[in-house]
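Q: Supplied structure: query-v1.txt, compact mmCIF, C-alpha atoms.
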```txt
# COMPACT_ATOMS: atom_id res chain seq x y z
CA MET A 4 -37.83 104.98 34.18
CA ASN A 5 -34.88 107.26 33.36
CA SER A 6 -34.81 110.07 30.80
CA GLU A 7 -33.22 107.89 28.09
CA GLU A 8 -35.93 105.24 28.45
CA ARG A 9 -38.67 107.89 28.38
CA GLU A 10 -37.18 109.39 25.23
CA GLN A 11 -37.00 105.98 23.54
CA ARG A 12 -40.59 105.26 24.51
CA ALA A 13 -41.80 108.64 23.18
CA THR A 14 -39.96 108.08 19.88
CA LEU A 15 -41.59 104.67 19.36
CA ILE A 16 -45.03 106.14 20.00
CA GLN A 17 -44.31 109.03 17.63
CA GLU A 18 -43.23 106.66 14.85
CA PHE A 19 -46.33 104.52 15.35
CA ARG A 20 -48.65 107.52 15.13
CA TYR A 21 -46.93 108.77 11.99
CA GLY A 22 -47.24 105.31 10.44
CA VAL A 23 -51.00 105.46 10.99
CA ILE A 24 -51.53 108.91 9.45
CA ALA A 25 -48.74 108.95 6.85
CA GLU A 26 -51.16 108.02 4.05
CA LEU A 27 -53.49 110.85 5.07
CA THR A 28 -50.84 113.58 4.77
CA ASN A 29 -51.03 113.56 0.96
CA GLN A 30 -52.16 117.10 0.18
CA TYR A 31 -53.78 115.99 -3.08
CA LEU A 32 -56.32 113.74 -1.36
CA ALA A 33 -59.90 114.99 -1.41
CA TRP A 34 -61.56 115.40 2.00
CA GLY A 35 -64.03 112.65 1.20
CA GLU A 36 -61.16 110.25 0.50
CA VAL A 37 -59.48 111.29 3.76
CA ARG A 38 -62.65 110.57 5.73
CA ARG A 39 -62.97 107.17 4.06
CA LEU A 40 -59.38 106.26 4.93
CA ILE A 41 -59.81 107.43 8.55
CA LYS A 42 -62.89 105.24 8.93
CA GLU A 43 -61.06 102.31 7.39
CA LYS A 44 -58.08 102.75 9.72
CA ALA A 45 -60.36 102.96 12.75
CA GLU A 46 -61.73 99.52 11.92
CA ARG A 47 -58.30 97.87 11.90
CA LYS A 48 -56.44 96.27 14.78
CA TYR A 49 -52.99 97.54 15.76
CA ASP A 50 -50.08 96.53 17.92
CA ILE A 51 -49.95 99.83 19.81
CA PRO A 52 -46.67 100.49 21.69
CA TYR A 53 -47.04 100.53 25.49
CA SER A 54 -50.82 100.03 25.32
CA LYS A 55 -53.19 97.13 25.90
CA LYS A 56 -55.62 98.54 23.34
CA ASN A 57 -55.57 97.37 19.72
CA ARG A 58 -57.91 99.88 18.10
CA ILE A 59 -57.80 103.62 17.44
CA THR A 60 -60.89 105.83 17.26
CA GLU A 61 -61.63 108.12 14.31
CA ALA A 62 -61.43 111.14 16.61
CA CYS A 63 -57.94 110.12 17.76
CA ILE A 64 -56.70 109.71 14.18
CA LYS A 65 -58.16 113.13 13.25
CA ASN A 66 -56.38 114.74 16.22
CA TRP A 67 -53.06 113.16 15.20
CA LEU A 68 -53.52 114.40 11.63
CA LYS A 69 -54.40 117.89 12.86
CA SER A 70 -51.33 118.03 15.13
CA PHE A 71 -49.08 116.81 12.32
CA ARG A 72 -50.34 119.47 9.89
CA LYS A 73 -49.77 122.16 12.52
CA TYR A 74 -46.48 121.08 14.15
CA GLY A 75 -45.05 118.33 11.92
CA ARG A 76 -43.71 115.16 13.52
CA GLU A 77 -43.11 116.93 16.80
CA GLY A 78 -46.87 117.25 17.15
CA LEU A 79 -47.10 113.45 17.34
CA MET A 80 -44.90 113.17 20.40
CA PRO A 81 -46.82 112.01 23.50
CA LYS A 82 -47.33 114.73 26.07
CA THR A 83 -45.54 114.34 29.37
CA ARG A 84 -46.75 115.65 32.69
CA SER A 85 -44.78 118.55 34.15
CA ASP A 86 -44.54 116.56 37.40
CA CYS A 87 -43.41 113.37 35.71
CA GLY A 88 -41.58 111.16 38.20
CA ASN A 89 -43.33 112.75 41.15
CA CYS A 90 -46.41 111.57 43.02
CA ARG A 91 -49.11 114.15 43.64
CA ASN A 92 -50.74 111.97 46.32
CA LEU A 93 -47.69 111.73 48.59
CA LYS A 94 -45.80 114.48 50.35
CA ALA A 95 -42.09 114.86 49.65
CA GLU A 96 -41.14 113.52 53.10
CA GLU A 97 -43.45 110.54 52.60
CA VAL A 98 -41.78 109.71 49.28
CA THR A 99 -38.42 109.90 51.08
CA GLU A 100 -39.62 107.41 53.71
CA LEU A 101 -40.93 105.06 51.01
CA VAL A 102 -37.64 105.16 49.08
CA LYS A 103 -35.70 104.50 52.29
CA CYS A 104 -37.85 101.46 53.07
CA LEU A 105 -37.52 100.13 49.52
CA GLU A 106 -33.72 100.44 49.67
CA GLU A 107 -33.42 98.81 53.10
CA ARG A 108 -35.89 96.00 52.39
CA PRO A 109 -35.38 94.90 48.75
CA GLU A 110 -37.16 91.61 49.42
CA LEU A 111 -40.44 93.46 50.10
CA THR A 112 -42.87 94.62 47.45
CA ALA A 113 -43.72 98.31 47.19
CA THR A 114 -47.22 97.55 48.49
CA ALA A 115 -45.79 95.82 51.57
CA CYS A 116 -43.45 98.76 52.22
CA LEU A 117 -46.31 101.24 51.90
CA LYS A 118 -48.50 99.24 54.28
CA LYS A 119 -45.69 98.98 56.81
CA LEU A 120 -45.06 102.73 56.74
CA GLN A 121 -48.77 103.47 57.04
CA GLU A 122 -48.94 101.22 60.13
CA GLN A 123 -46.03 103.18 61.60
CA SER A 124 -47.82 106.46 60.72
CA LYS A 125 -44.84 107.57 58.64
CA ILE A 126 -47.19 107.80 55.65
CA THR A 127 -50.71 109.07 56.21
CA SER A 128 -51.70 109.74 52.60
CA ARG A 129 -53.83 107.32 50.59
CA LEU A 130 -52.33 105.92 47.40
CA SER A 131 -53.84 103.61 44.79
CA THR A 132 -51.99 100.53 43.59
CA SER A 133 -51.59 101.96 40.08
CA SER A 134 -50.21 105.28 41.38
CA LEU A 135 -47.78 103.43 43.64
CA SER A 136 -46.63 101.26 40.74
CA ARG A 137 -46.02 104.28 38.50
CA LEU A 138 -44.09 106.06 41.25
CA VAL A 139 -41.88 103.08 42.01
CA VAL A 140 -41.09 102.47 38.33
CA SER A 141 -40.32 106.16 37.71
CA LEU A 142 -37.88 106.09 40.64
CA GLY A 143 -36.22 102.93 39.34
CA MET A 144 -37.13 101.20 42.61
CA ASP A 145 -39.26 98.32 41.36
CA ARG A 146 -38.61 95.02 43.12
CA ALA A 147 -36.67 93.44 40.25
CA SER A 148 -34.32 96.44 39.96
CA ARG A 149 -33.73 96.53 43.72
CA LYS A 150 -32.95 92.81 43.93
CA GLN A 151 -30.62 93.11 40.94
CA LYS A 152 -28.81 96.01 42.61
CA VAL A 153 -28.36 94.01 45.84
CA SER A 154 -27.09 91.01 43.87
CA LYS A 155 -24.60 93.22 42.02
CA GLU A 156 -23.36 94.75 45.28
CA LYS A 157 -22.85 91.28 46.76
CA ASN A 158 -20.88 90.16 43.71
CA LEU A 159 -18.71 93.28 43.82
CA LYS A 160 -17.54 92.26 47.29
CA PHE A 161 -15.68 89.40 45.62
CA ASP A 162 -14.43 91.43 42.65
CA PHE A 163 -10.97 92.91 42.62
CA PHE A 164 -9.72 95.64 40.32
CA TYR A 165 -5.92 95.61 40.55
CA PRO A 166 -3.36 92.94 39.56
CA LEU A 167 -2.19 90.73 42.46
CA GLU A 168 -4.88 92.20 44.76
CA CYS A 169 -6.26 88.68 44.97
CA VAL A 170 -4.81 85.47 43.59
CA GLN A 171 -6.99 82.35 43.48
CA SER A 172 -5.66 78.81 43.44
CA ASP A 173 -7.41 75.57 42.60
CA ASP A 174 -6.73 72.08 41.28
CA MET A 175 -8.27 70.16 38.40
CA HIS A 176 -8.15 66.36 38.45
CA GLY A 177 -7.51 65.11 34.95
CA PHE A 178 -6.88 61.88 33.08
CA LEU A 179 -4.59 58.94 33.89
CA VAL A 180 -1.06 59.09 32.50
CA PRO A 181 2.00 56.87 33.08
CA ASP A 182 4.56 58.18 35.56
CA GLY A 183 8.33 57.66 35.38
CA LYS A 184 7.94 54.00 36.39
CA GLY A 185 5.20 53.30 33.85
CA LYS A 186 2.44 53.23 36.46
CA LYS A 187 -0.75 55.05 35.47
CA ARG A 188 -1.58 57.87 37.83
CA LYS A 189 -4.06 60.73 37.82
CA ALA A 190 -2.68 64.00 36.45
CA ILE A 191 -3.52 67.02 38.62
CA LEU A 192 -3.34 70.56 37.26
CA MET A 193 -2.60 73.22 39.89
CA THR A 194 -3.35 76.75 38.71
CA PHE A 195 -2.96 80.23 40.19
CA LEU A 196 -5.22 82.87 38.62
CA ASP A 197 -5.16 86.65 39.10
CA ASP A 198 -8.74 87.69 39.97
CA ALA A 199 -8.63 91.17 38.40
CA THR A 200 -6.93 90.41 35.08
CA ARG A 201 -7.98 86.72 34.82
CA ARG A 202 -4.37 86.02 33.86
CA ILE A 203 -2.84 82.65 34.68
CA LEU A 204 0.17 83.36 36.89
CA TYR A 205 1.28 79.77 37.31
CA ALA A 206 0.05 76.36 36.15
CA ASN A 207 1.69 72.97 36.43
CA PHE A 208 0.74 69.29 36.08
CA SER A 209 1.83 66.84 38.76
CA PHE A 210 0.68 63.64 40.44
CA THR A 211 0.10 65.14 43.89
CA GLU A 212 -1.60 67.99 45.78
CA ARG A 213 1.01 68.13 48.51
CA SER A 214 2.32 71.39 49.91
CA LEU A 215 5.54 71.30 47.87
CA GLU A 216 3.58 71.75 44.63
CA PHE A 217 1.57 74.57 46.18
CA GLU A 218 4.69 76.24 47.51
CA ALA A 219 6.35 76.03 44.12
CA GLY A 220 3.48 78.04 42.63
CA ILE A 221 3.61 80.74 45.31
CA LYS A 222 7.40 80.96 45.05
CA HIS A 223 7.17 81.43 41.28
CA ILE A 224 4.55 84.20 41.59
CA LEU A 225 6.42 86.11 44.32
CA LYS A 226 9.67 85.96 42.35
CA ALA A 227 8.15 86.78 38.95
CA HIS A 228 5.42 89.26 39.87
CA GLY A 229 5.98 90.56 43.39
CA LYS A 230 3.88 90.87 46.52
CA ILE A 231 0.39 89.31 46.66
CA ARG A 232 -2.20 91.07 48.78
CA MET A 233 -4.59 88.14 49.16
CA LEU A 234 -4.53 84.44 48.32
CA TYR A 235 -7.78 82.48 48.09
CA THR A 236 -7.57 78.71 48.14
CA ASP A 237 -9.30 75.55 49.35
CA TYR A 238 -5.95 73.88 49.94
CA ALA A 239 -6.13 71.44 52.87
CA GLU A 240 -2.67 72.22 54.28
CA LYS A 241 -3.21 75.98 54.16
CA LYS A 242 -1.90 76.54 57.71
CA GLN A 243 1.61 75.70 56.52
CA MET A 244 1.62 78.40 53.84
CA PRO A 245 2.31 81.51 55.97
CA LYS A 246 5.34 79.73 57.51
CA PHE A 247 6.65 78.97 54.04
CA ILE A 248 6.19 82.57 52.88
CA ARG A 249 7.90 84.06 55.93
CA PHE A 250 10.81 81.60 55.58
CA PHE A 251 11.55 82.27 51.92
CA PHE A 252 10.34 85.88 51.68
CA PRO A 253 10.78 87.65 55.03
CA GLY A 254 8.82 90.88 55.35
CA LYS A 255 6.14 89.84 52.85
CA GLU A 256 2.70 89.53 54.44
CA ILE A 257 -0.07 87.73 52.54
CA ALA A 258 -3.68 87.46 53.70
CA MET A 259 -4.87 83.86 53.41
CA LYS A 260 -8.53 83.10 52.74
CA THR A 261 -9.83 79.61 52.22
CA SER A 262 -13.10 77.92 51.42
CA ALA A 263 -12.03 74.74 53.20
```
Kindly transcribe the structure held in the file into structure tokens.

A:
Amino acid sequence: MNSEEREQRATLIQEFRYGVIAELTNQYLAWGEVRRLIKEKAERKYDIPYSKKNRITEACIKNWLKSFRKYGREGLMPKTRSDCGNCRNLKAEEVTELVKCLEERPELTATACLKKLQEQSKITSRLSTSSLSRLVVSLGMDRASRKQKVSKEKNLKFDFFYPLECVQSDDMHGFLVPDGKGKKRKAILMTFLDDATRRILYANFSFTERSLEFEAGIKHILKAHGKIRMLYTDYAEKKQMPKFIRFFFPGKEIAMKTSA
């Protein structure tokens, strides 16, 4: 849990506590009336933020009221440990080993990582499941966060940030339309898309997927936009493309990647 999340959590708890005692802060209420209201509030059920409990004791309500009268709303803020985010049961070097294991093995649970390190004698301290859970969450190393980070890193390998760094080409088979002789044929849309900007660099309908249509798209892009660093396509006749590029545009090198 980062500092922003801790602050948001503390604010929600503070607002809840104030909502419980707000009625009691009326300075014109007699003490007997205050005691009656406290007892009544202690008998209710609440949806308490970040707690499995649904009731509040009279003593707890009295303490909140006392803190409010002395410090105002700030007195209702939950207290945080001075060593928040640290684990008192593990040494600093043991925490480092645990974090390293969690980063290298995102598919493992924190418990599995701890057990593995204990078997290797890299961690000799004893740690309860609840303490381990709190430590992992405070470090932002829970299993869900680690798997999400790995997934994001994998996706970034296919993301490009500059125009023409990667151009992707694909075809879409459409509806039947009559050709010049009146014969119905399938219309095929060939499109070249810039990965970084998502801009369509070239698109054209035809009745074929032959290399001439593909070459026409590359020729248009090279003339209109300049050098392409990488071209990604599943085009079947891809081996002919580098020859075409070198013939029409000598000196221009394009990396070809295909899914075919």

Q: Near Leu27 of chain A, within 12 Å and counting all atoms listed in the file, which residues show up once chain neighbours fewer than 5 positions away are dropped, as a list in words?

A: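 The residues satisfying every condition are Arg20, Tyr21, Gly22, Leu32, Ala33, Trp34, Gly35, Glu36, Val37, Arg38, Arg39, Leu40, Ile41, Lys42, Glu43, Lys44, Ile64, Lys65, Trp67, Leu68, Lys69, Phe71 and Arg72 of chain A.
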
Q: What's around Arg47 of chain A at 9 Å? Count all atoms listed in the file, leave out sequence neighbours fewer than 4 positions away in its own chain, and write the answer as number ranges by chain.

A: A: 43, 57-59

Q: Could you pull the residues within 10 Å of Pro52 of chain A, counting all atoms listed in the file, minus those fewer than 6 positions along the same chain, as a list in words?

A: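 Everything that qualifies: Arg12, Ala13, Leu15, Ile16, Gln17, Glu18, Phe19 and Arg20 of chain A.
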
Q: For a quick check of understanding, using all atoms listed in the file, which of A:Asp182, A:Glu8, A:Asp145, A:Asp197 has the smallest distance to Phe164 of chain A?

A: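 Of the candidates, the smallest distance to Phe164 of chain A is held by A:Asp197.
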
Q: With all atoms listed in the file as the basis for distance, which of A:Ala190, A:Lys125, A:Arg76, A:Gln30 is at the shortest distance from Lys94 of chain A?

A: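 Comparing A:Ala190, A:Lys125, A:Arg76, A:Gln30 against Lys94 of chain A, the winner is A:Lys125.
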
Q: Determine the nearest neighbour of Gly78 of chain A from the options A:Glu61, A:Leu167, A:Lys55, A:Thr14, counting only C-alpha atoms.

A: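 Answer, going by the shortest atom-to-atom distance: A:Thr14.
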
Q: Enter the distance from atom CA of Ser148 of chain A to atom CA of Val102 of chain A, in Å, rounded to one decimal.

A: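 Computing it gives 13.0 Å between the two atoms.
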
Q: As a count of residues only, please: the residues near segment 198-207 of chain A (cut-off 9 Å, only C-alpha atoms, same-chain neighbours under 5 positions excluded).

A: 20

Q: Provide the atom CA of Ala95 of chain A to atom CA of Pro81 of chain A distance in Å, to one decimal place.

A: 26.7 Å

Q: For Ala147 of chain A, work out the shell of residues within 10 Å, counting all atoms listed in the file and skipping chain neighbours fewer than 3 positions away, then give it as a PyMOL selection string.

A: chain A and resi 109-110+112+143-144+150-152

Q: With all atoms listed in the file counted, which protein, DNA or RNA residues have an atom no more than 12 Å from (-53.1, 108.4, 53.9) in the file frame? Please answer as JSON, numbers by chain.

A: {"A": [92, 93, 94, 97, 117, 118, 120, 121, 122, 123, 124, 125, 126, 127, 128, 129, 130, 131]}

Q: Given the choices A:Val23, A:Asn66, A:Leu225, A:Asp174, which gets closest to Ile51 of chain A if the distance is worked out from all atoms listed in the file?

A: A:Val23

Q: Rounded to one decimal, what separation in Å do you get between atom CA of Gln11 of chain A and atom CA of Lys82 of chain A?

A: 13.8 Å

Q: Missing atoms in segment 98-132 of chain A should be modelled up to N, CA and C atoms and reported as a compact mmCIF listing (two decimals), keeping the file's coordinate frame.

A:
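File produced: selection-v5.txt:
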```
# COMPACT_ATOMS: atom_id res chain seq x y z
N VAL A 98 -42.51 110.39 50.37
CA VAL A 98 -41.78 109.71 49.28
C VAL A 98 -40.39 109.31 49.76
N THR A 99 -39.76 110.19 50.54
CA THR A 99 -38.42 109.90 51.08
C THR A 99 -38.45 108.67 51.98
N GLU A 100 -39.47 108.57 52.83
CA GLU A 100 -39.62 107.41 53.71
C GLU A 100 -39.85 106.13 52.91
N LEU A 101 -40.64 106.23 51.85
CA LEU A 101 -40.93 105.06 51.01
C LEU A 101 -39.66 104.58 50.31
N VAL A 102 -38.90 105.51 49.76
CA VAL A 102 -37.64 105.16 49.08
C VAL A 102 -36.66 104.51 50.06
N LYS A 103 -36.60 105.05 51.27
CA LYS A 103 -35.70 104.50 52.29
C LYS A 103 -36.07 103.07 52.63
N CYS A 104 -37.38 102.82 52.77
CA CYS A 104 -37.85 101.46 53.07
C CYS A 104 -37.56 100.51 51.92
N LEU A 105 -37.76 100.97 50.69
CA LEU A 105 -37.52 100.13 49.52
C LEU A 105 -36.05 99.76 49.40
N GLU A 106 -35.16 100.70 49.75
CA GLU A 106 -33.72 100.44 49.67
C GLU A 106 -33.27 99.48 50.78
N GLU A 107 -33.84 99.64 51.96
CA GLU A 107 -33.42 98.81 53.10
C GLU A 107 -34.03 97.42 53.07
N ARG A 108 -35.20 97.28 52.43
CA ARG A 108 -35.89 96.00 52.39
C ARG A 108 -36.19 95.60 50.94
N PRO A 109 -35.17 95.24 50.17
CA PRO A 109 -35.38 94.90 48.75
C PRO A 109 -36.23 93.67 48.53
N GLU A 110 -36.37 92.83 49.58
CA GLU A 110 -37.16 91.61 49.42
C GLU A 110 -38.65 91.90 49.48
N LEU A 111 -39.03 93.09 49.98
CA LEU A 111 -40.44 93.46 50.10
C LEU A 111 -40.96 94.10 48.82
N THR A 112 -42.24 93.93 48.56
CA THR A 112 -42.87 94.62 47.45
C THR A 112 -43.15 96.06 47.86
N ALA A 113 -43.41 96.92 46.88
CA ALA A 113 -43.72 98.31 47.19
C ALA A 113 -45.00 98.41 48.03
N THR A 114 -45.96 97.55 47.73
CA THR A 114 -47.22 97.55 48.49
C THR A 114 -46.97 97.20 49.95
N ALA A 115 -46.11 96.22 50.20
CA ALA A 115 -45.79 95.82 51.57
C ALA A 115 -45.07 96.94 52.31
N CYS A 116 -44.17 97.63 51.62
CA CYS A 116 -43.45 98.76 52.22
C CYS A 116 -44.42 99.88 52.58
N LEU A 117 -45.33 100.18 51.66
CA LEU A 117 -46.31 101.24 51.90
C LEU A 117 -47.18 100.90 53.11
N LYS A 118 -47.65 99.67 53.18
CA LYS A 118 -48.50 99.24 54.28
C LYS A 118 -47.76 99.33 55.61
N LYS A 119 -46.50 98.93 55.60
CA LYS A 119 -45.69 98.98 56.81
C LYS A 119 -45.51 100.42 57.29
N LEU A 120 -45.26 101.33 56.38
CA LEU A 120 -45.06 102.73 56.74
C LEU A 120 -46.37 103.38 57.19
N GLN A 121 -47.47 102.95 56.60
CA GLN A 121 -48.77 103.47 57.04
C GLN A 121 -49.09 102.99 58.45
N GLU A 122 -48.72 101.75 58.78
CA GLU A 122 -48.94 101.22 60.13
C GLU A 122 -48.08 101.97 61.15
N GLN A 123 -46.92 102.43 60.72
CA GLN A 123 -46.03 103.18 61.60
C GLN A 123 -46.34 104.68 61.60
N SER A 124 -47.38 105.06 60.84
CA SER A 124 -47.82 106.46 60.72
C SER A 124 -46.77 107.37 60.09
N LYS A 125 -45.83 106.77 59.37
CA LYS A 125 -44.84 107.57 58.64
C LYS A 125 -45.41 108.07 57.32
N ILE A 126 -46.44 107.37 56.82
CA ILE A 126 -47.19 107.80 55.65
C ILE A 126 -48.67 107.79 56.01
N THR A 127 -49.29 108.95 55.88
CA THR A 127 -50.71 109.07 56.21
C THR A 127 -51.58 109.25 54.97
N SER A 128 -50.96 109.53 53.83
CA SER A 128 -51.70 109.74 52.60
C SER A 128 -52.20 108.42 52.03
N ARG A 129 -53.28 108.49 51.27
CA ARG A 129 -53.83 107.32 50.59
C ARG A 129 -53.27 107.27 49.18
N LEU A 130 -52.93 106.07 48.72
CA LEU A 130 -52.33 105.92 47.40
C LEU A 130 -52.85 104.65 46.74
N SER A 131 -53.33 104.78 45.51
CA SER A 131 -53.84 103.61 44.79
C SER A 131 -52.69 102.73 44.33
N THR A 132 -53.01 101.48 44.04
CA THR A 132 -51.99 100.53 43.59
C THR A 132 -51.33 100.98 42.29
```
